[in-house]
Each structure stands twice: as structure tokens, then as C-alpha cells.
Amino acid sequence: MDETDDTNREEGADDENEGWPTADDDAFDADEATPDPDAPETDTSDEPSGTVPDVESDLSGDADATGSVAGSDTVDTSVNLDTGGVDIDRMLEDDDDSQGLFDDLMAGEPIFRNKEVLRPSYTPHELPHRTDQINQMATILVSALRGDTPSNILIYGKTGTGKTASAKFVSQELESTSQKYDVPCEVEYINCEITDTQYRVLAQLANKFIEKNREIVAGRLEDLRDLRSEATEAGTATLADTEYDDVSAVDDRIADLETDREEMEEVPMTGWPTDRVYSKFFDAIDYHERVVVIMLDEIDKLVEKSGDDTLYNLSRMNSELENSRISIMGISNDLKFTDFLDPRVKSSLGEEEIVFPPYDANQLRDILQHRSDVAFKDDALTDDVIPLCAAFAAQEHGDARRALDLLRTAGELAERSQAETVEEQHVRQAQDKIELDRVVEVVRTLPTQSKIVLFATILLEKNGVHNINTGEVFNIYKRLCEEIDADVLTQRRVTDLISELDMLGIVNAVVVSKGRYGRTKEISLSVPIEETEHVLLSDSRLGDIENAQPFVQARFDN
């Protein structure tokens with residue numbers, strides 16, 4: 001080998017081969033790659049195959065700037081040796097670019113500022129167009145702040161006319177004013193659509209007052225123990241301005257309160273005799289002096305489910321109570337529910353009556369504008385959104401709750417589609433969605449016999465029969481009942497069920513005259529067929545009604 005070539009090879013070793021590990025170096029350190037100047041010179045021309053050869057002498061081709069060699073696919077010096085060959089920077093970069101399940105949904109700007117303002121449970125600080133009713137309630141309940149018993153109040157009005165919101169608003173004002181003037185006055189709210197039996201109403205009220213009584217006892221015990229400590233340290237002179245003569249009297253009072261607290265047992269939601277529950281409620285409410293307003297929302301549901309016993313007992317309590325006084329505020333959608341009450345209950349319960357009329361379109365527009373200023377971000381609504389929501393709700397008997405649901409749902413649909421503003425199309429989509437949800441809920445809760453009658457009507461329409469008459473529905477209904485082994489009602493009763501479906505808006509039944517053949521009802525569906533059929537078939541009680549396909553004969557006039 002030429003001496004010049006050997007010299008050049010040795011001089012270039014530090015530049016080109018520095019950092020190359022051998023196959024035997026498991027823990028290669030770059031610092032150890034620098035050749036030791038004192039080490040004996042070795043001939044690399046006959047290196048064993050287990051070492052990495054000199055790039056210039058033993059590999060054909062020229063190495064490029066990255067260390068890869070022309071004509072070879074096996075050498076790549078871009079591998080990061082310290083991380084086992086994994087490019088961490090590239091992994092982190094890929095992680096940053098990846099999108100999670102909710103990232104796309106969070107990408108758009110939110111339209112809502114506070115969506116809760118549009119929910120029925122929200123009690124606003126101001127109720128437009130209900131000033132008269134609110135003032136009327138306030139003038140009745142102000143006697144509670146004077147320690148007197150307020151008259152009982154019955155509030156009537158259709159759904160969404162602001163009854164509950166107004167009553168809650170007045171109640172909050174009453175409680176805050178009572179705290180201001182240090183008058184013991186409390187309001188308890190019960191939703192009788194949920195708490196719909198005498199036992200549940202009394203148990204829920206009893207437990208609320210038991211909890212409050214425990215808090216009162218805890219506060220009194222703390223004050224008495226502090227007083228006892230002062231009297232023990234400074235002498236009985238500290239008791240001069242109190243009702244206690246000595247420390248033993250304070251101890252006796254502490255013992256009495258601890259006994260009271262132990263006896264304050266909560267009422268279970270089932271299992272006790274009703275008279276025991278009533279006694280527990282009576283003791284809890286009369287534990288100390290206070291005026292209590294019991295607000296019974298959907299009071300007609302309570303009367304419908306369990307009669308007027310609850311109202312009778314509550315309305316007669318004041319004659320037996322020693323420390324407390326109670327007043328009842330009933331809220332109802334049904335103006336005629338008092339017709340079913342005992343005359344004595346009716347006379348005492350309906351001492352004051354307040355009627356909430358439906359809202360008109362302009363009033364609904366004011367309500368929506370008032371709420372939307374808080375619920376939505378600035379310029380989130382186009383000009384036609386609120387008037388359209390108000391117009392739709394005005395058609396539904398002036399229902400403000402429906403208007404608020406419509407506006408909220410329109411905003412949610414716009415937000416889901418990542419639109420920057422809520423537009424007319426979103427309101428119309430919301431109207432369709434709410435209507436479908438209402439239909440689904442109404443159909444789902446129908447009695448089984450009504451569902452079979454409805455399914456019979458669907459079968460007729462699916463088979464091309466229009467202007468369906470009662471007889472045709474009855475024939476199909478009867479065959480369906482036979483198929484699923486259900487009781488068959490009379491045709492007169494089926495006609496009544498059709499009338500009920502008409503009242504619910506599920507079918508449209510019109511009485512038409514057939515001349516000398518008499519009169520009949522012509523029936524057509526008012527709801528989407530496929531969605532309604534799906535809800536009906538989801539009821540396990542209908543059994544194999546899906547497989548029952550009775551013969552439907554279309555009339556020639558169809």
C-alpha cells in the first residue's frame with residue numbers, strides 16, 4: 001500500500017470516522033470515539049466483519065454530507081443513537097397536530113354567554129309583563145313579614161305563562177326581606193308532578209324542617225357552650241343579662257337541646273303510617289316561631305293522584321299550631337281542578353285567586369329579548385330570530401317556555417354547525433326538532449290500547465288508504481288485538497280513543513256527513529309515520545305487533 005495513502009487515511013480519521021461505534025460497543029460514548037494519540041497504530045485493512053469499516057477505504061462510492069454512501073442502502077447516520085433510534089422531536093410534532101374527539105367541536109367560537117338563562121328552571125331578576133300579578137302576590141304575602149298568617153293563594157294559567165317563575169321571584173324577595181328585618185319567614189317549594197302523594201309531600205316537608213331545626217339547635221348549642229365557658233371562668237356575673245341563674249341551668253338547657261337533636265329523626269320516603277308522618281311534620285314545623293309559605297306547584301296533579309286529604313290537613317293546621325303559621329300557595333294549569341275539592345277545602349284554599357293570561361307575540365318578543373341579552377354573546381342573533389321564535393310560540397297559546405326552548409335549541413343547533421350567528425334556518429330546524437321530540441314523548445306515554453289504535457291508523461295510511469273512517473280503524477285494531485292477544489274494546493270506546501288522539505294532536509279526526517248513511521269521522525295522521533311507528537314498536541308490551549300484518553283492503557275511491 002502506498003505510504004502517502006496511509007498518511008492521508010490516518011489524517012482523515014478524525015474528520016470522517018469520528019463517532020462511529022463498533023458492533024461490540026454496547027454503551028457507546030461519543031467522548032470515547034476520539035483516538036488516543038498514545039495508542040499503537042493498527043492496520044485496518046484486514047478488520048474483522050464485526051467492526052464498522054473505514055468509509056473511504058472499504059466502501060465503494062463517496063459519502064455525502066449526511067453520511068449516506070452513494071450506491072449503498074444500508075448506511076444511515078441520521079439515526080438518533082441516544083434515544084434508541086426514535087425521533088422524539090418528530091413524535092411530539094405529530095402529537096401536536098393530532099385532533100382529539102372534542103378538539104374540532106371546541107374549535108369554533110361559542111355563541112352562548114350563559115345558556116342557563118334560557119332554561120325553565122332559571123328565575124330572572126325581572127319578569128316583563130307580569131308586574132300586576134307579582135304586585136298582587138306581594139300585597140297578600142306582606143302580612144307574613146308582620147308575623148301574621150297570609151291568605152292562601154291559588155294561581156291559575158296555561159303552561160308557560162310565568163306562574164312558577166313569578167311565584168319563585170316573589171318568594172325569593174320575601175325571604176331576603178325577612179332576613180333584612182330579622183323576621184322568621186320561610187318558603188318551601190314542592191313540585192307535585194314529582195311528589196304526588198300525601199305521604200311524599202308530608203315526608204319531604206318534614207325532612208326540610210328537621211334539617212333546618214338541626215341547624216338552629218347546633219347554633220344554640222354553640223352559643224350556650226361559649227356562655228358556659230365564660231360563666232365558669234369569670235363567675236356567674238356573666239349570666240346577669242340572660243335567662244339562666246347559674247351554670248347548672250345552662251347545663252340543663254344544653255342537655256335539653258341535645259335530646260331534641262337526637263329526636264329529630266328523618267322521615268323515610270316509604271314505610272311509616274301516614275298519621276305518624278303527619279305528626280312528625282307537625283312537630284318539625286312548630287319547633288319554633290316562624291311563618292311558612294308552602295308552594296305547591298302543579299297542585300292539580302296532587303289532587304288527581306291522591307285526592308284532597310293533603311290540602312285538607314294543611315289548610316286546617318293553623319288551628320292546632322302554637323308557634324308557627326302556614327300559608328298555602330297552589331299553582332295549577334287546570335282552572336277547573338277545584339271542582340273536585342271538598343267544599344271546606346275549596347273555601348279555605350281559594351281565599352285569593354290570581355290568573356295569569358297567555359302572552360301575545362309582542363310580549364314574548366320582549367321576554368326573549370330580555371333573556372337573550374344575557375344568554376348570548378353580542379351580535380350572535382340575526383334580526384329575524386327573536387320575532388320568529390315569538391311568532392311560533394304565540395301559536396302555542398302564548399307559551400313563553402316554548403319560546404325560550406325554541407331560542408335555546410336554535411342556538412345549540414347553530415353552535416353544533418359551527419355557525420357564527422343564529423339565523424332563521426336554525427329556528428325552523430329547532431321548531432321541527434322540538435315538535436318531533438314532543439310527539440315522541442306523547443306517543444311513548446300513551447296507554448297500550450291507544451297505541452294499538454294508532455298503529456292501526458298507521459297501517460292503513462302505509463297501505464294507501466286516505467280519509468280513513470272509524471270503522472276501518474276498528475277492523476284493523478280488532479285484528480291486531482287478536483294477533484297479540486290483547487283485550488278488544490268496543491267500537492264506541494275505540495272512537496273515544498281516536499278523539500283523545502285528536503286532542504293530543506297525533507291524529508286529525510273530522511266529522512263528515514255521508515247523507516243518508518249518517519256521519520263518520522275521517523282520520524288522518526298529524527305526525528311523522530316512521531318516527532311514530534318506531535316509538536310504538538319500542539314498547540315491549542305490544543309484543544309481536546310488528547309481525548302482525550292484517551289484510552288491508554284499499555277502497556276504490558282511493
# chains A, B, ... in the order shown; residues from 1 in each chain; ligands from 1
call {"tool": "select_by_dssp", "arguments": {"residues": "stretch 424-539 of chain A", "states": "strand (DSSP E)", "output": "NGL selection string"}}
result
:A and (468-469 or 507-513 or 519-525)
call {"tool": "write_last_selection", "arguments": {"atoms": "all heavy atoms", "output": "CSV table (one decimal), in the first residue's frame"}}
result
chain,number,residue,atom,x,y,z
A,468,ILE,N,-109.4,8.0,6.3
A,468,ILE,CA,-109.7,6.7,7.0
A,468,ILE,C,-111.0,7.0,7.9
A,468,ILE,O,-111.0,8.0,8.6
A,468,ILE,CB,-108.5,6.3,7.8
A,468,ILE,CG1,-107.3,6.1,6.9
A,468,ILE,CG2,-108.9,5.0,8.5
A,468,ILE,CD1,-106.0,6.1,7.7
A,469,ASN,N,-111.9,6.1,7.9
A,469,ASN,CA,-113.1,6.2,8.8
A,469,ASN,C,-112.9,5.3,10.0
A,469,ASN,O,-112.0,4.5,10.0
A,469,ASN,CB,-114.4,5.9,8.0
A,469,ASN,CG,-114.4,4.5,7.5
A,469,ASN,OD1,-114.2,3.6,8.2
A,469,ASN,ND2,-114.8,4.4,6.2
A,507,VAL,N,-103.5,12.6,15.7
A,507,VAL,CA,-104.3,12.4,14.5
A,507,VAL,C,-105.2,13.6,14.3
A,507,VAL,O,-105.4,14.4,15.3
A,507,VAL,CB,-105.1,11.1,14.6
A,507,VAL,CG1,-104.3,9.9,14.8
A,507,VAL,CG2,-106.2,11.2,15.7
A,508,ASN,N,-105.7,13.7,13.1
A,508,ASN,CA,-106.7,14.8,12.8
A,508,ASN,C,-108.0,14.1,12.5
A,508,ASN,O,-108.1,13.4,11.5
A,508,ASN,CB,-106.2,15.6,11.7
A,508,ASN,CG,-107.2,16.8,11.4
A,508,ASN,OD1,-107.9,17.2,12.3
A,508,ASN,ND2,-107.2,17.2,10.1
A,509,ALA,N,-109.0,14.2,13.3
A,509,ALA,CA,-110.3,13.5,13.1
A,509,ALA,C,-111.4,14.5,12.9
A,509,ALA,O,-111.7,15.4,13.7
A,509,ALA,CB,-110.7,12.6,14.3
A,510,VAL,N,-112.0,14.5,11.7
A,510,VAL,CA,-113.0,15.4,11.3
A,510,VAL,C,-114.3,14.7,11.1
A,510,VAL,O,-114.3,13.7,10.4
A,510,VAL,CB,-112.6,16.2,10.0
A,510,VAL,CG1,-113.7,17.2,9.7
A,510,VAL,CG2,-111.3,16.9,10.3
A,511,VAL,N,-115.4,15.1,11.7
A,511,VAL,CA,-116.7,14.5,11.5
A,511,VAL,C,-117.3,15.0,10.1
A,511,VAL,O,-117.4,16.2,9.9
A,511,VAL,CB,-117.7,14.9,12.6
A,511,VAL,CG1,-119.1,14.3,12.4
A,511,VAL,CG2,-117.1,14.4,13.9
A,512,VAL,N,-117.6,14.1,9.3
A,512,VAL,CA,-118.2,14.4,7.9
A,512,VAL,C,-119.5,13.7,7.8
A,512,VAL,O,-119.8,12.6,8.4
A,512,VAL,CB,-117.2,14.0,6.8
A,512,VAL,CG1,-115.9,14.7,6.9
A,512,VAL,CG2,-117.0,12.5,6.9
A,513,SER,N,-120.4,14.3,7.0
A,513,SER,CA,-121.7,13.7,6.8
A,513,SER,C,-121.7,12.9,5.5
A,513,SER,O,-121.2,13.3,4.5
A,513,SER,CB,-122.7,14.8,6.6
A,513,SER,OG,-124.0,14.3,6.3
A,519,ARG,N,-123.2,10.0,9.8
A,519,ARG,CA,-122.0,10.7,9.9
A,519,ARG,C,-120.9,9.8,10.3
A,519,ARG,O,-121.1,8.8,11.0
A,519,ARG,CB,-122.1,11.9,10.9
A,519,ARG,CG,-123.1,12.9,10.4
A,519,ARG,CD,-123.1,14.1,11.4
A,519,ARG,NE,-123.4,13.7,12.8
A,519,ARG,CZ,-123.2,14.4,13.8
A,519,ARG,NH1,-122.8,15.7,13.7
A,519,ARG,NH2,-123.5,14.0,15.1
A,520,THR,N,-119.7,10.1,10.0
A,520,THR,CA,-118.5,9.4,10.4
A,520,THR,C,-117.3,10.3,10.6
A,520,THR,O,-117.4,11.5,10.1
A,520,THR,CB,-118.1,8.2,9.4
A,520,THR,OG1,-117.1,7.5,9.9
A,520,THR,CG2,-117.7,8.8,8.1
A,521,LYS,N,-116.3,9.8,11.2
A,521,LYS,CA,-115.0,10.6,11.4
A,521,LYS,C,-114.0,10.1,10.3
A,521,LYS,O,-113.8,9.0,10.2
A,521,LYS,CB,-114.4,10.3,12.8
A,521,LYS,CG,-115.1,11.1,13.9
A,521,LYS,CD,-114.4,10.9,15.2
A,521,LYS,CE,-115.0,11.8,16.3
A,521,LYS,NZ,-114.3,11.6,17.6
A,522,GLU,N,-113.5,11.1,9.7
A,522,GLU,CA,-112.4,10.9,8.7
A,522,GLU,C,-111.1,11.2,9.4
A,522,GLU,O,-110.9,12.3,10.0
A,522,GLU,CB,-112.6,11.7,7.5
A,522,GLU,CG,-113.7,11.2,6.6
A,522,GLU,CD,-113.7,11.8,5.2
A,522,GLU,OE1,-112.9,12.8,5.0
A,522,GLU,OE2,-114.4,11.3,4.3
A,523,ILE,N,-110.2,10.2,9.5
A,523,ILE,CA,-109.0,10.3,10.3
A,523,ILE,C,-107.8,10.3,9.4
A,523,ILE,O,-107.6,9.6,8.4
A,523,ILE,CB,-108.9,9.1,11.2
A,523,ILE,CG1,-110.2,9.0,12.0
A,523,ILE,CG2,-107.7,9.2,12.2
A,523,ILE,CD1,-110.5,7.6,12.5
A,524,SER,N,-106.8,11.2,9.8
A,524,SER,CA,-105.5,11.2,9.1
A,524,SER,C,-104.5,11.5,10.2
A,524,SER,O,-104.7,12.1,11.2
A,524,SER,CB,-105.5,12.3,8.0
A,524,SER,OG,-105.7,13.6,8.6
A,525,LEU,N,-103.3,11.0,9.9
A,525,LEU,CA,-102.2,11.2,10.9
A,525,LEU,C,-101.6,12.6,10.9
A,525,LEU,O,-101.5,13.2,9.8
A,525,LEU,CB,-101.0,10.2,10.6
A,525,LEU,CG,-101.2,8.8,11.0
A,525,LEU,CD1,-100.1,7.9,10.5
A,525,LEU,CD2,-101.3,8.6,12.5
call {"tool": "residues_around", "arguments": {"residues": "A:Tyr287", "least_positions_apart": "3", "cutoff": "12 Å", "atoms": "only C-alpha atoms", "output": "list in words"}}
result
Ala206, Phe209, Ile210, Glu211, Lys212, Asn213, Arg214, Ile216, Val217, Leu257, Asp260, Arg261, Met264, Lys280, Phe281, Phe282, Asp283, Ala284, Arg290, Val291, Leu321, Glu322, Asn323, Ser324 and Arg325 of chain A
call {"tool": "residues_around", "arguments": {"residues": "A:Glu243", "least_positions_apart": "5", "cutoff": "12 Å", "atoms": "only C-alpha atoms", "output": "PDB file with C-alpha atoms, in the first residue's frame"}}
result
ATOM      1  CA  LEU A 224     -74.635  28.107  75.201  1.00  0.00           C
ATOM      2  CA  LEU A 227     -71.691  31.193  77.618  1.00  0.00           C
ATOM      3  CA  THR A 238     -71.770  36.969  83.156  1.00  0.00           C
ATOM      4  CA  ALA A 249     -79.250  25.936  84.400  1.00  0.00           C
ATOM      5  CA  VAL A 250     -77.122  26.369  81.299  1.00  0.00           C
ATOM      6  CA  ARG A 253     -80.631  23.696  78.648  1.00  0.00           C
TER       7      ARG A 253
END
call {"tool": "select_by_dssp", "arguments": {"residues": "stretch 103-305 of chain A", "states": "alpha helix (DSSP H)", "output": "VMD selection string"}}
result
chain A and resid 103 to 107 131 to 141 163 to 180 198 to 234 247 to 263 274 to 285 299 to 305
call {"tool": "closest_residue", "arguments": {"among": "A:Glu173, A:Leu536, A:Thr149, A:Val277", "to": "A:Ser327", "atoms": "only C-alpha atoms"}}
result
A:Thr149
call {"tool": "atom_distance", "arguments": {"atom1": "atom CA of A:Leu202", "atom2": "atom CA of A:Thr274"}}
result
8.5 Å
call {"tool": "atom_distance", "arguments": {"atom1": "atom CA of A:Gln198", "atom2": "atom CA of A:Met329"}}
result
16.3 Å
call {"tool": "closest_residue", "arguments": {"among": "A:Leu335, A:Ala255, A:Leu311, A:Ala234", "to": "A:Ile294", "atoms": "only C-alpha atoms"}}
result
A:Leu311
